[in-house]
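Okay, run05.txt now, which holds compact mmCIF, C-alpha atoms (C1' of nucleotides):
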# COMPACT_ATOMS: atom_id res chain seq x y z
CA MET M 1 -32.58 -51.81 -50.60
CA ALA M 2 -32.45 -48.14 -51.48
CA VAL M 3 -29.16 -46.54 -52.31
CA ILE M 4 -28.05 -44.12 -49.58
CA LYS M 5 -25.83 -41.19 -50.40
CA ILE M 6 -24.08 -39.34 -47.60
CA ALA M 7 -24.21 -35.62 -48.41
CA ASN M 8 -22.62 -33.99 -45.38
CA VAL M 9 -20.61 -35.09 -42.38
CA VAL M 10 -20.14 -32.70 -39.45
CA ALA M 11 -17.33 -33.65 -37.09
CA SER M 12 -15.50 -32.06 -34.22
CA THR M 13 -12.08 -32.44 -32.62
CA SER M 14 -9.57 -30.52 -30.59
CA LEU M 15 -6.08 -29.37 -31.53
CA GLY M 16 -4.94 -29.67 -27.93
CA GLY M 17 -4.12 -26.05 -27.13
CA GLU M 18 -5.45 -22.52 -27.48
CA LEU M 19 -5.27 -20.90 -30.91
CA ASP M 20 -4.43 -17.27 -31.67
CA LEU M 21 -7.20 -16.75 -34.22
CA GLN M 22 -5.98 -13.30 -35.16
CA ALA M 23 -2.57 -14.71 -36.06
CA ILE M 24 -4.13 -17.64 -37.93
CA ALA M 25 -6.39 -15.29 -39.87
CA LEU M 26 -3.29 -13.43 -41.04
CA ALA M 27 -1.37 -16.60 -41.84
CA LEU M 28 -4.07 -18.57 -43.71
CA ASP M 29 -4.97 -17.05 -47.05
CA GLY M 30 -8.77 -16.89 -47.40
CA ALA M 31 -9.52 -17.38 -43.71
CA GLU M 32 -12.58 -15.48 -42.47
CA TYR M 33 -12.55 -14.16 -38.91
CA GLU M 34 -15.21 -11.69 -37.80
CA PRO M 35 -15.41 -12.16 -34.02
CA GLU M 36 -18.22 -9.57 -33.51
CA GLN M 37 -20.36 -11.75 -35.77
CA PHE M 38 -19.26 -15.25 -34.77
CA PRO M 39 -16.45 -16.38 -32.42
CA GLY M 40 -15.01 -18.97 -34.83
CA LEU M 41 -12.57 -18.52 -37.71
CA ILE M 42 -13.87 -20.06 -40.98
CA TYR M 43 -11.42 -21.76 -43.34
CA ARG M 44 -12.56 -23.43 -46.53
CA LEU M 45 -10.74 -26.08 -48.62
CA LYS M 46 -11.38 -26.81 -52.30
CA GLU M 47 -10.47 -30.47 -51.94
CA PRO M 48 -12.10 -32.00 -50.01
CA LYS M 49 -14.70 -29.25 -50.38
CA THR M 50 -15.20 -28.43 -46.71
CA ALA M 51 -15.46 -25.57 -44.25
CA THR M 52 -13.58 -25.85 -40.99
CA LEU M 53 -14.41 -23.68 -37.95
CA LEU M 54 -11.49 -22.97 -35.63
CA PHE M 55 -12.05 -21.69 -32.10
CA ARG M 56 -9.80 -19.89 -29.66
CA SER M 57 -10.04 -22.91 -27.30
CA GLY M 58 -8.41 -25.17 -29.91
CA LYS M 59 -11.73 -26.88 -30.65
CA VAL M 60 -12.45 -27.51 -34.33
CA VAL M 61 -15.62 -28.22 -36.30
CA CYS M 62 -15.46 -29.53 -39.86
CA THR M 63 -18.49 -29.52 -42.18
CA GLY M 64 -19.21 -30.34 -45.81
CA ALA M 65 -17.34 -33.63 -46.09
CA LYS M 66 -18.98 -36.58 -47.91
CA SER M 67 -17.31 -39.25 -45.78
CA LEU M 68 -15.39 -39.75 -42.59
CA GLU M 69 -12.27 -40.19 -44.72
CA GLN M 70 -12.79 -36.74 -46.19
CA VAL M 71 -13.20 -35.29 -42.69
CA LYS M 72 -9.86 -36.78 -41.67
CA THR M 73 -8.17 -35.48 -44.80
CA ALA M 74 -9.60 -31.98 -44.37
CA ILE M 75 -8.69 -31.65 -40.70
CA SER M 76 -5.21 -33.00 -41.38
CA LYS M 77 -4.69 -30.45 -44.16
CA VAL M 78 -5.90 -27.57 -42.02
CA ALA M 79 -3.76 -28.67 -39.07
CA LYS M 80 -0.67 -28.85 -41.29
CA GLN M 81 -1.31 -25.35 -42.60
CA ILE M 82 -1.72 -23.99 -39.09
CA GLU M 83 1.48 -25.76 -38.05
CA ALA M 84 3.30 -24.36 -41.05
CA ALA M 85 2.31 -20.94 -39.72
CA GLY M 86 4.29 -21.66 -36.56
CA ILE M 87 1.61 -22.87 -34.14
CA VAL M 88 2.25 -26.11 -32.26
CA ILE M 89 -0.69 -28.51 -32.26
CA LYS M 90 -1.57 -32.10 -31.45
CA ILE M 91 -0.82 -34.04 -34.63
CA GLU M 92 -3.35 -36.85 -34.27
CA PRO M 93 -6.55 -35.28 -32.96
CA LYS M 94 -9.45 -37.58 -32.06
CA ILE M 95 -12.21 -36.89 -34.53
CA GLU M 96 -15.84 -37.38 -33.49
CA VAL M 97 -18.67 -37.41 -36.00
CA GLN M 98 -21.53 -35.26 -34.72
CA ASN M 99 -24.01 -35.32 -37.58
CA ILE M 100 -24.54 -37.05 -40.91
CA VAL M 101 -26.95 -35.78 -43.56
CA ALA M 102 -27.84 -38.36 -46.19
CA SER M 103 -30.33 -38.68 -49.00
CA SER M 104 -32.07 -41.71 -50.48
CA ASP M 105 -34.97 -42.58 -52.74
CA LEU M 106 -37.96 -44.84 -52.00
CA GLY M 107 -38.30 -45.40 -55.73
CA ALA M 108 -41.89 -44.32 -56.10
CA GLN M 109 -44.02 -41.28 -55.45
CA ILE M 110 -45.73 -41.22 -52.07
CA ASN M 111 -48.85 -39.55 -50.70
CA LEU M 112 -47.66 -37.31 -47.85
CA ASN M 113 -51.17 -36.54 -46.64
CA ALA M 114 -51.93 -40.23 -46.22
CA ILE M 115 -48.60 -40.80 -44.53
CA ALA M 116 -49.13 -37.92 -42.09
CA ILE M 117 -52.39 -39.52 -41.00
CA SER M 118 -51.04 -43.08 -40.91
CA LEU M 119 -47.74 -42.61 -39.06
CA GLY M 120 -49.24 -40.72 -36.14
CA LEU M 121 -49.19 -37.14 -34.98
CA GLU M 122 -46.58 -37.50 -32.26
CA LYS M 123 -43.82 -38.38 -34.71
CA VAL M 124 -44.93 -36.41 -37.74
CA GLU M 125 -45.03 -32.75 -38.74
CA TYR M 126 -46.43 -31.91 -42.14
CA GLU M 127 -47.16 -28.29 -42.98
CA PRO M 128 -46.98 -28.08 -46.79
CA GLU M 129 -47.64 -24.33 -46.77
CA GLN M 130 -44.47 -23.87 -44.79
CA PHE M 131 -42.22 -26.59 -46.17
CA PRO M 132 -42.96 -29.26 -48.79
CA GLY M 133 -41.32 -32.10 -46.84
CA LEU M 134 -42.93 -34.22 -44.14
CA VAL M 135 -40.84 -34.28 -40.96
CA TYR M 136 -40.64 -37.73 -39.35
CA ARG M 137 -38.77 -38.15 -36.07
CA ILE M 138 -37.47 -41.62 -35.17
CA ASP M 139 -36.47 -42.54 -31.59
CA SER M 140 -34.07 -45.32 -32.41
CA PRO M 141 -31.87 -44.63 -34.19
CA LYS M 142 -32.36 -40.99 -33.06
CA VAL M 143 -32.66 -39.26 -36.41
CA VAL M 144 -35.04 -37.05 -38.36
CA VAL M 145 -36.21 -38.05 -41.83
CA LEU M 146 -37.65 -35.58 -44.33
CA LEU M 147 -40.00 -37.30 -46.79
CA PHE M 148 -40.96 -35.76 -50.13
CA GLY M 149 -43.79 -36.51 -52.53
CA SER M 150 -41.28 -37.66 -55.14
CA GLY M 151 -40.27 -40.53 -52.85
CA LYS M 152 -36.91 -38.93 -52.13
CA LEU M 153 -35.87 -38.44 -48.56
CA VAL M 154 -33.27 -36.72 -46.41
CA CYS M 155 -32.05 -38.21 -43.14
CA THR M 156 -30.32 -35.97 -40.58
CA GLY M 157 -28.97 -36.35 -37.04
CA ALA M 158 -27.17 -39.67 -37.46
CA ARG M 159 -23.65 -40.17 -36.09
CA LYS M 160 -22.95 -43.44 -37.92
CA PRO M 161 -23.73 -44.46 -41.52
CA GLU M 162 -25.41 -47.58 -40.10
CA ASP M 163 -27.94 -45.38 -38.33
CA VAL M 164 -28.96 -43.90 -41.67
CA GLU M 165 -29.41 -47.40 -43.14
CA ALA M 166 -31.45 -48.53 -40.17
CA ALA M 167 -33.68 -45.46 -40.37
CA VAL M 168 -34.31 -45.85 -44.09
CA ASP M 169 -35.10 -49.57 -43.59
CA LYS M 170 -37.43 -48.70 -40.75
CA ILE M 171 -39.45 -46.13 -42.61
CA THR M 172 -39.56 -48.31 -45.72
CA GLU M 173 -41.03 -51.19 -43.70
CA GLU M 174 -43.53 -48.91 -41.95
CA LEU M 175 -44.77 -47.49 -45.24
CA LYS M 176 -45.06 -50.96 -46.78
CA ALA M 177 -46.89 -52.30 -43.74
CA ALA M 178 -49.35 -49.42 -44.01
CA GLY M 179 -49.84 -50.07 -47.70
CA LEU M 180 -48.39 -46.70 -48.59
CA LEU M 181 -45.44 -48.04 -50.59
CA ARG M 182 -45.03 -51.18 -52.70
CA MET Z 183 -20.87 -19.30 7.74
CA ALA Z 184 -20.89 -18.78 3.98
CA VAL Z 185 -18.30 -16.53 2.42
CA ILE Z 186 -19.86 -13.32 1.18
CA LYS Z 187 -18.34 -11.41 -1.70
CA ILE Z 188 -19.38 -7.83 -2.33
CA ALA Z 189 -19.65 -7.34 -6.10
CA ASN Z 190 -20.94 -3.79 -6.46
CA VAL Z 191 -21.40 -0.75 -4.26
CA VAL Z 192 -23.57 2.16 -5.43
CA ALA Z 193 -23.06 5.39 -3.54
CA SER Z 194 -24.11 8.99 -3.89
CA THR Z 195 -22.76 12.30 -2.70
CA SER Z 196 -22.79 15.96 -3.62
CA LEU Z 197 -19.93 18.19 -4.75
CA GLY Z 198 -21.56 21.23 -3.13
CA GLY Z 199 -22.31 23.36 -6.16
CA GLU Z 200 -23.69 23.19 -9.68
CA LEU Z 201 -21.54 21.63 -12.37
CA ASP Z 202 -21.16 22.78 -15.96
CA LEU Z 203 -21.42 19.36 -17.54
CA GLN Z 204 -20.59 20.65 -21.00
CA ALA Z 205 -17.35 22.10 -19.72
CA ILE Z 206 -16.52 18.96 -17.77
CA ALA Z 207 -17.22 16.79 -20.80
CA LEU Z 208 -14.62 18.83 -22.69
CA ALA Z 209 -12.10 18.77 -19.85
CA LEU Z 210 -12.29 15.06 -18.87
CA ASP Z 211 -10.90 12.74 -21.50
CA GLY Z 212 -13.30 9.84 -22.09
CA ALA Z 213 -16.31 11.50 -20.44
CA GLU Z 214 -19.65 10.67 -22.01
CA TYR Z 215 -22.36 13.32 -22.00
CA GLU Z 216 -25.46 12.84 -24.16
CA PRO Z 217 -28.16 14.91 -22.43
CA GLU Z 218 -30.92 13.92 -24.92
CA GLN Z 219 -30.39 10.36 -23.81
CA PHE Z 220 -29.65 10.77 -20.10
CA PRO Z 221 -29.16 13.92 -18.00
CA GLY Z 222 -25.96 12.70 -16.32
CA LEU Z 223 -22.37 12.76 -17.53
CA ILE Z 224 -20.70 9.32 -17.31
CA TYR Z 225 -17.03 9.10 -16.34
CA ARG Z 226 -15.29 5.80 -15.96
CA LEU Z 227 -12.06 4.97 -14.11
CA LYS Z 228 -9.83 1.96 -14.78
CA GLU Z 229 -8.70 1.77 -11.15
CA PRO Z 230 -10.84 1.40 -9.16
CA LYS Z 231 -12.97 0.09 -12.06
CA THR Z 232 -15.98 2.32 -11.58
CA ALA Z 233 -18.46 4.51 -13.42
CA THR Z 234 -19.34 7.84 -11.89
CA LEU Z 235 -22.45 9.80 -12.91
CA LEU Z 236 -22.19 13.59 -12.57
CA PHE Z 237 -25.29 15.77 -12.59
CA ARG Z 238 -25.78 19.48 -13.22
CA SER Z 239 -26.96 19.89 -9.61
CA GLY Z 240 -23.59 18.76 -8.30
CA LYS Z 241 -25.01 15.42 -7.21
CA VAL Z 242 -22.84 12.40 -7.95
CA VAL Z 243 -23.54 8.65 -8.20
CA CYS Z 244 -20.70 6.16 -8.21
CA THR Z 245 -21.20 2.51 -9.23
CA GLY Z 246 -19.03 -0.55 -9.78
CA ALA Z 247 -16.85 -0.35 -6.67
CA LYS Z 248 -16.16 -3.55 -4.67
CA SER Z 249 -15.92 -1.79 -1.30
CA LEU Z 250 -16.69 1.48 0.43
CA GLU Z 251 -12.96 2.23 0.32
CA GLN Z 252 -13.00 1.94 -3.46
CA VAL Z 253 -16.01 4.28 -3.62
CA LYS Z 254 -14.08 6.90 -1.62
CA THR Z 255 -11.02 6.49 -3.80
CA ALA Z 256 -13.00 6.76 -7.02
CA ILE Z 257 -14.99 9.83 -5.99
CA SER Z 258 -11.83 11.48 -4.72
CA LYS Z 259 -10.05 10.86 -8.02
CA VAL Z 260 -12.95 12.20 -10.05
CA ALA Z 261 -13.28 15.26 -7.83
CA LYS Z 262 -9.57 16.01 -8.20
CA GLN Z 263 -9.81 15.76 -11.98
CA ILE Z 264 -12.78 18.10 -12.05
CA GLU Z 265 -10.93 20.52 -9.80
CA ALA Z 266 -7.89 20.36 -12.01
CA ALA Z 267 -10.17 21.52 -14.78
CA GLY Z 268 -10.86 24.72 -12.84
CA ILE Z 269 -14.13 23.92 -11.08
CA VAL Z 270 -14.34 24.64 -7.33
CA ILE Z 271 -15.90 21.82 -5.34
CA LYS Z 272 -16.34 20.67 -1.75
CA ILE Z 273 -13.23 18.66 -1.00
CA GLU Z 274 -14.65 16.21 1.53
CA PRO Z 275 -18.11 15.23 0.29
CA LYS Z 276 -20.29 13.04 2.52
CA ILE Z 277 -20.64 9.70 0.79
CA GLU Z 278 -23.77 7.62 1.32
CA VAL Z 279 -23.99 4.00 0.26
CA GLN Z 280 -27.28 3.39 -1.53
CA ASN Z 281 -27.00 -0.20 -2.64
CA ILE Z 282 -24.76 -3.19 -2.19
CA VAL Z 283 -24.87 -6.24 -4.46
CA ALA Z 284 -23.17 -9.31 -3.04
CA SER Z 285 -22.93 -12.99 -3.88
CA SER Z 286 -22.51 -16.05 -1.70
CA ASP Z 287 -22.86 -19.82 -1.85
CA LEU Z 288 -25.03 -22.11 0.27
CA GLY Z 289 -22.58 -24.90 -0.51
CA ALA Z 290 -25.07 -27.39 -1.90
CA GLN Z 291 -27.60 -27.60 -4.68
CA ILE Z 292 -31.13 -26.61 -3.70
CA ASN Z 293 -34.58 -27.45 -5.02
CA LEU Z 294 -36.12 -24.13 -6.05
CA ASN Z 295 -39.57 -25.63 -6.62
CA ALA Z 296 -39.67 -26.98 -3.08
CA ILE Z 297 -38.38 -23.68 -1.71
CA ALA Z 298 -40.96 -21.66 -3.60
CA ILE Z 299 -43.73 -23.71 -1.99
CA SER Z 300 -42.13 -23.73 1.47
CA LEU Z 301 -41.18 -20.06 1.93
CA GLY Z 302 -44.59 -18.73 1.01
CA LEU Z 303 -46.04 -16.92 -1.95
CA GLU Z 304 -46.02 -13.42 -0.51
CA LYS Z 305 -42.23 -13.29 -0.30
CA VAL Z 306 -41.30 -15.47 -3.24
CA GLU Z 307 -41.39 -15.11 -7.01
CA TYR Z 308 -40.23 -18.05 -9.06
CA GLU Z 309 -40.87 -18.05 -12.80
CA PRO Z 310 -38.19 -20.32 -14.26
CA GLU Z 311 -39.40 -19.69 -17.82
CA GLN Z 312 -38.59 -16.04 -17.36
CA PHE Z 313 -35.50 -16.13 -15.12
CA PRO Z 314 -33.75 -19.13 -13.54
CA GLY Z 315 -33.38 -17.52 -10.13
CA LEU Z 316 -35.95 -17.53 -7.33
CA VAL Z 317 -36.64 -14.01 -6.02
CA TYR Z 318 -36.95 -13.83 -2.23
CA ARG Z 319 -37.81 -10.51 -0.55
CA ILE Z 320 -36.83 -10.02 3.11
CA ASP Z 321 -38.41 -7.29 5.25
CA SER Z 322 -35.63 -6.92 7.77
CA PRO Z 323 -33.00 -6.31 6.64
CA LYS Z 324 -34.82 -4.88 3.61
CA VAL Z 325 -33.08 -6.74 0.81
CA VAL Z 326 -33.83 -9.05 -2.10
CA VAL Z 327 -32.08 -12.38 -2.45
CA LEU Z 328 -31.86 -14.29 -5.73
CA LEU Z 329 -31.49 -18.04 -5.13
CA PHE Z 330 -30.17 -20.41 -7.79
CA GLY Z 331 -30.38 -24.18 -8.15
CA SER Z 332 -26.60 -24.42 -7.78
CA GLY Z 333 -26.88 -23.08 -4.22
CA LYS Z 334 -25.34 -19.75 -5.26
CA LEU Z 335 -27.13 -16.56 -4.37
CA VAL Z 336 -27.14 -12.85 -5.06
CA CYS Z 337 -28.24 -10.30 -2.46
CA THR Z 338 -29.24 -6.78 -3.54
CA GLY Z 339 -30.64 -3.69 -1.86
CA ALA Z 340 -28.43 -3.66 1.22
CA ARG Z 341 -26.85 -0.41 2.45
CA LYS Z 342 -24.44 -2.04 4.91
CA PRO Z 343 -22.32 -5.19 4.57
CA GLU Z 344 -23.84 -6.37 7.86
CA ASP Z 345 -27.27 -6.40 6.20
CA VAL Z 346 -25.98 -8.83 3.62
CA GLU Z 347 -24.60 -11.11 6.34
CA ALA Z 348 -27.86 -10.97 8.25
CA ALA Z 349 -29.87 -11.80 5.17
CA VAL Z 350 -27.68 -14.77 4.23
CA ASP Z 351 -27.86 -16.05 7.81
CA LYS Z 352 -31.64 -15.62 7.80
CA ILE Z 353 -32.26 -17.53 4.61
CA THR Z 354 -29.78 -20.23 5.59
CA GLU Z 355 -31.64 -20.82 8.86
CA GLU Z 356 -35.03 -20.79 7.13
CA LEU Z 357 -33.93 -23.37 4.59
CA LYS Z 358 -32.41 -25.57 7.30
CA ALA Z 359 -35.53 -25.30 9.46
CA ALA Z 360 -37.62 -26.39 6.47
CA GLY Z 361 -35.31 -29.32 5.80
CA LEU Z 362 -34.32 -27.86 2.44
CA LEU Z 363 -30.62 -27.44 3.25
CA ARG Z 364 -28.28 -29.41 5.49
C1' DC W 365 -30.55 -17.79 -60.31
C1' DC W 366 -31.10 -16.22 -55.70
C1' DG W 367 -33.10 -16.18 -51.21
C1' DG W 368 -36.32 -18.00 -48.13
C1' DT W 369 -39.15 -22.02 -45.96
C1' DA W 370 -37.43 -27.00 -42.73
C1' DT W 371 -33.99 -30.56 -40.58
C1' DT W 372 -29.48 -31.72 -37.95
C1' DT W 373 -24.97 -30.76 -35.31
C1' DA W 374 -20.55 -29.14 -32.97
C1' DA W 375 -18.13 -24.98 -31.52
C1' DA W 376 -18.16 -20.03 -28.37
C1' DT W 377 -19.82 -15.60 -27.69
C1' DA W 378 -23.23 -11.90 -27.16
C1' DG W 379 -27.50 -10.20 -25.82
C1' DG W 380 -31.62 -10.86 -23.40
C1' DT W 381 -34.33 -12.49 -19.11
C1' DA W 382 -34.49 -10.64 -13.28
C1' DT W 383 -32.89 -7.90 -8.91
C1' DT W 384 -31.35 -3.32 -6.54
C1' DT W 385 -30.23 1.86 -6.18
C1' DA W 386 -29.09 6.99 -6.53
C1' DA W 387 -29.27 10.86 -9.79
C1' DA W 388 -32.51 14.25 -13.37
C1' DT W 389 -35.00 14.77 -17.39
C1' DA W 390 -38.43 13.74 -21.00
C1' DA W 391 -42.60 11.87 -22.50
C1' DG W 392 -46.99 9.92 -21.69
C1' DT W 393 -51.35 9.61 -18.97
C1' DT W 394 -54.93 11.14 -15.80
C1' DA V 395 -50.57 19.83 -12.35
C1' DA V 396 -49.61 15.48 -10.66
C1' DC V 397 -48.38 11.00 -11.43
C1' DT V 398 -46.12 7.27 -14.11
C1' DT V 399 -42.79 5.34 -17.13
C1' DA V 400 -38.47 5.33 -19.24
C1' DT V 401 -33.70 6.51 -19.67
C1' DT V 402 -28.27 5.27 -17.65
C1' DT V 403 -24.59 2.95 -14.63
C1' DA V 404 -22.48 -1.30 -12.20
C1' DA V 405 -22.42 -6.15 -10.51
C1' DA V 406 -23.32 -11.17 -9.21
C1' DT V 407 -26.18 -15.27 -10.62
C1' DA V 408 -28.06 -18.98 -14.62
C1' DC V 409 -30.87 -19.90 -18.36
C1' DC V 410 -32.49 -18.79 -23.10
C1' DT V 411 -31.99 -17.25 -28.00
C1' DA V 412 -29.23 -16.09 -31.78
C1' DT V 413 -25.14 -16.16 -34.50
C1' DT V 414 -22.07 -19.40 -38.41
C1' DT V 415 -20.89 -23.63 -41.40
C1' DA V 416 -22.27 -27.56 -44.74
C1' DA V 417 -25.57 -30.57 -47.25
C1' DA V 418 -29.68 -33.06 -49.39
C1' DT V 419 -34.70 -32.38 -50.50
C1' DA V 420 -38.92 -29.27 -52.94
C1' DC V 421 -41.78 -25.39 -53.06
C1' DC V 422 -42.49 -20.16 -53.23
C1' DG V 423 -41.41 -15.42 -54.79
C1' DG V 424 -38.45 -11.89 -56.92
Before anything else, please render the file you have as structure tokens.
Amino acid sequence: MAVIKIANVVASTSLGGELDLQAIALALDGAEYEPEQFPGLIYRLKEPKTATLLFRSGKVVCTGAKSLEQVKTAISKVAKQIEAAGIVIKIEPKIEVQNIVASSDLGAQINLNAIAISLGLEKVEYEPEQFPGLVYRIDSPKVVVLLFGSGKLVCTGARKPEDVEAAVDKITEELKAAGLLR
Amino acid sequence: MAVIKIANVVASTSLGGELDLQAIALALDGAEYEPEQFPGLIYRLKEPKTATLLFRSGKVVCTGAKSLEQVKTAISKVAKQIEAAGIVIKIEPKIEVQNIVASSDLGAQINLNAIAISLGLEKVEYEPEQFPGLVYRIDSPKVVVLLFGSGKLVCTGARKPEDVEAAVDKITEELKAAGLLR
DNA sequence: CCGGTATTTAAATAGGTATTTAAATAAGTT
DNA sequence: AACTTATTTAAATACCTATTTAAATACCGG
């Protein structure tokens, strides 16, 4: 069973009321707010190392966390800092994970050309001139796996860590069944 | 009978004599005059929210009004401001409506594919890849109606509010007769 | 080392797509 | 010289693209 390492969790929530982003930009040191470029205010934390996007509607997106725990910690910290700036918000927002990016390692080098032919054209994209990874789309769980010649892989699109595990198991079995991995 | 909402009235008139647009641009705060780009001077009002185009010939185009009354008010205001700047003009210009844009709602969702086939190719254009609305041209009154899947519609090209009503009635009856609307 | 190539995802906003119409001027084509 | 296209303004409608953020992976070029 390959070791899976979660690299990035993207989650969203709502602070329950509209936010005055101009006021928040002034109150939070280091906040970035350039509405002509992007409607969200960007606020980064050093620990957990994350970037949180705040929107006028009160919606929030948090990226960069390595676990759901880190997401909770980051959003809590940001909410407290906003509250300290005098803005009333819902203290216990419901956090929803929207995307997990994880990496793993099949433990051996693999032949991407052979795999592209074996796994079938409808699920595979492999254009080495454009990008060195082979793109493999799985229906269930609904994720995308990037396979590399080194045997390393990246899995994106999952909303639960279990989905990542299932996807890695699935592709491992498929490659073994096709004789493309021992 | 669907409620019809007039969204934009375009009207033209003449102030009776040639206008020195350079002088007017200097006299009217906020006037825009870039003759290399467009031969008209653009002057906007906040109330009624309109944009009036002034031409060297004395011709005038007013857009953005929600009613003929607003057109009259806007042109009157602009004329007074030009006169206050020392330019003699005809006080009671004859205003002619050139275009009315109105919106309405059929009150139910409609199947644009079925409608495109049913109403006939010579009056209908429906290219959803290019624009989500179905373009329906009516000969009498001579207007164009944009139909949307939501049942909402936009009618353009009319010169009288009654033309809009007639067009909406006409298309409503046609859709009912074809069994495409209850 | 940096930026780009590719993948995923939420959030919200802008610009584009199309339709109509007057006005006048420039540029391009026949 | 005549004709055509484009420019600008406003508005409703609905759909698309793009923008930004983070991260792993591996390859290219500067």
| said: Could you work out which residues of chain Z fall inside 6 Å of chain V? Count only C-alpha atoms (C1' of nucleotides), and format the result as a VMD selection string. | reply: chain Z and resid 189 to 190 220 245 to 246 285 314 336
| Polymer residues at most 8 Å from W:DT383, only C-alpha atoms (C1' of nucleotides), same-chain spacing of 5 or more positions, as a ChimeraX atom specification | /Z:317,326-328,338
| request: May I ask you to extract the residues of chain Z within 7 Å of chain W, using all atoms listed in the file, and to give them as an MDAnalysis selection string? | output: chainID Z and resid 192:194 221 237 241:243 280:281 312:313 326 338:339
| request: Could you jot down the atom CA of M:Ile4 to atom CA of M:Gly120 separation for me, Å, one decimal place? | output: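 Taking atom CA of M:Ile4 and atom CA of M:Gly120, their separation equals 25.3 Å.
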| task | Find the residues around M:Cys62 up to 12 Å (all atoms listed in the file counted), leave out those fewer than 6 positions away in its own chain, and share them as a PyMOL selection string. | result | (chain M and resi 8-14+40-45+48-55+68+70-79+95-100) or (chain W and resi 373-375) or (chain V and resi 415-416)
| field | Straight-line distance linking atom CA of M:Leu181 with atom CA of M:Lys66, stated in Å to one decimal | value |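 Rounded to one decimal, the two atoms are 29.0 Å apart.
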| Straight-line distance linking atom CA of Z:Ser249 with atom CA of Z:Val350, stated in Å to one decimal |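 Answer for the atom CA of Z:Ser249 to atom CA of Z:Val350 separation: 18.4 Å.
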Once N, CA and C atoms are restored for stretch 125-137 of chain M, what would the output be as a short mmCIF file (atom, residue, chain, number, x, y, z; two decimals), in the frame of the given file?
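Wrote part_24.cif, looks like this:
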data_model
loop_
_atom_site.label_atom_id
_atom_site.label_comp_id
_atom_site.auth_asym_id
_atom_site.auth_seq_id
_atom_site.Cartn_x
_atom_site.Cartn_y
_atom_site.Cartn_z
N GLU M 125 -44.64 -34.14 -38.52
CA GLU M 125 -45.03 -32.75 -38.74
C GLU M 125 -45.15 -32.58 -40.26
N TYR M 126 -46.29 -32.14 -40.70
CA TYR M 126 -46.43 -31.91 -42.14
C TYR M 126 -47.23 -30.64 -42.36
N GLU M 127 -46.56 -29.59 -42.71
CA GLU M 127 -47.16 -28.29 -42.98
C GLU M 127 -46.75 -27.86 -44.37
N PRO M 128 -47.41 -28.36 -45.42
CA PRO M 128 -46.98 -28.08 -46.79
C PRO M 128 -46.92 -26.61 -47.16
N GLU M 129 -47.71 -25.78 -46.45
CA GLU M 129 -47.64 -24.33 -46.77
C GLU M 129 -46.29 -23.77 -46.36
N GLN M 130 -45.72 -24.39 -45.35
CA GLN M 130 -44.47 -23.87 -44.79
C GLN M 130 -43.25 -24.54 -45.40
N PHE M 131 -43.33 -25.85 -45.61
CA PHE M 131 -42.22 -26.59 -46.17
C PHE M 131 -42.78 -27.85 -46.82
N PRO M 132 -42.37 -28.16 -48.05
CA PRO M 132 -42.96 -29.26 -48.79
C PRO M 132 -42.66 -30.66 -48.24
N GLY M 133 -41.67 -30.79 -47.37
CA GLY M 133 -41.32 -32.10 -46.84
C GLY M 133 -42.09 -32.45 -45.57
N LEU M 134 -42.32 -33.74 -45.37
CA LEU M 134 -42.93 -34.22 -44.14
C LEU M 134 -41.80 -34.56 -43.18
N VAL M 135 -41.89 -34.05 -41.94
CA VAL M 135 -40.84 -34.28 -40.96
C VAL M 135 -41.21 -35.48 -40.09
N TYR M 136 -40.37 -36.51 -40.12
CA TYR M 136 -40.64 -37.73 -39.35
C TYR M 136 -39.49 -37.97 -38.39
N ARG M 137 -39.80 -37.95 -37.08
CA ARG M 137 -38.77 -38.15 -36.07
C ARG M 137 -38.77 -39.59 -35.57
#
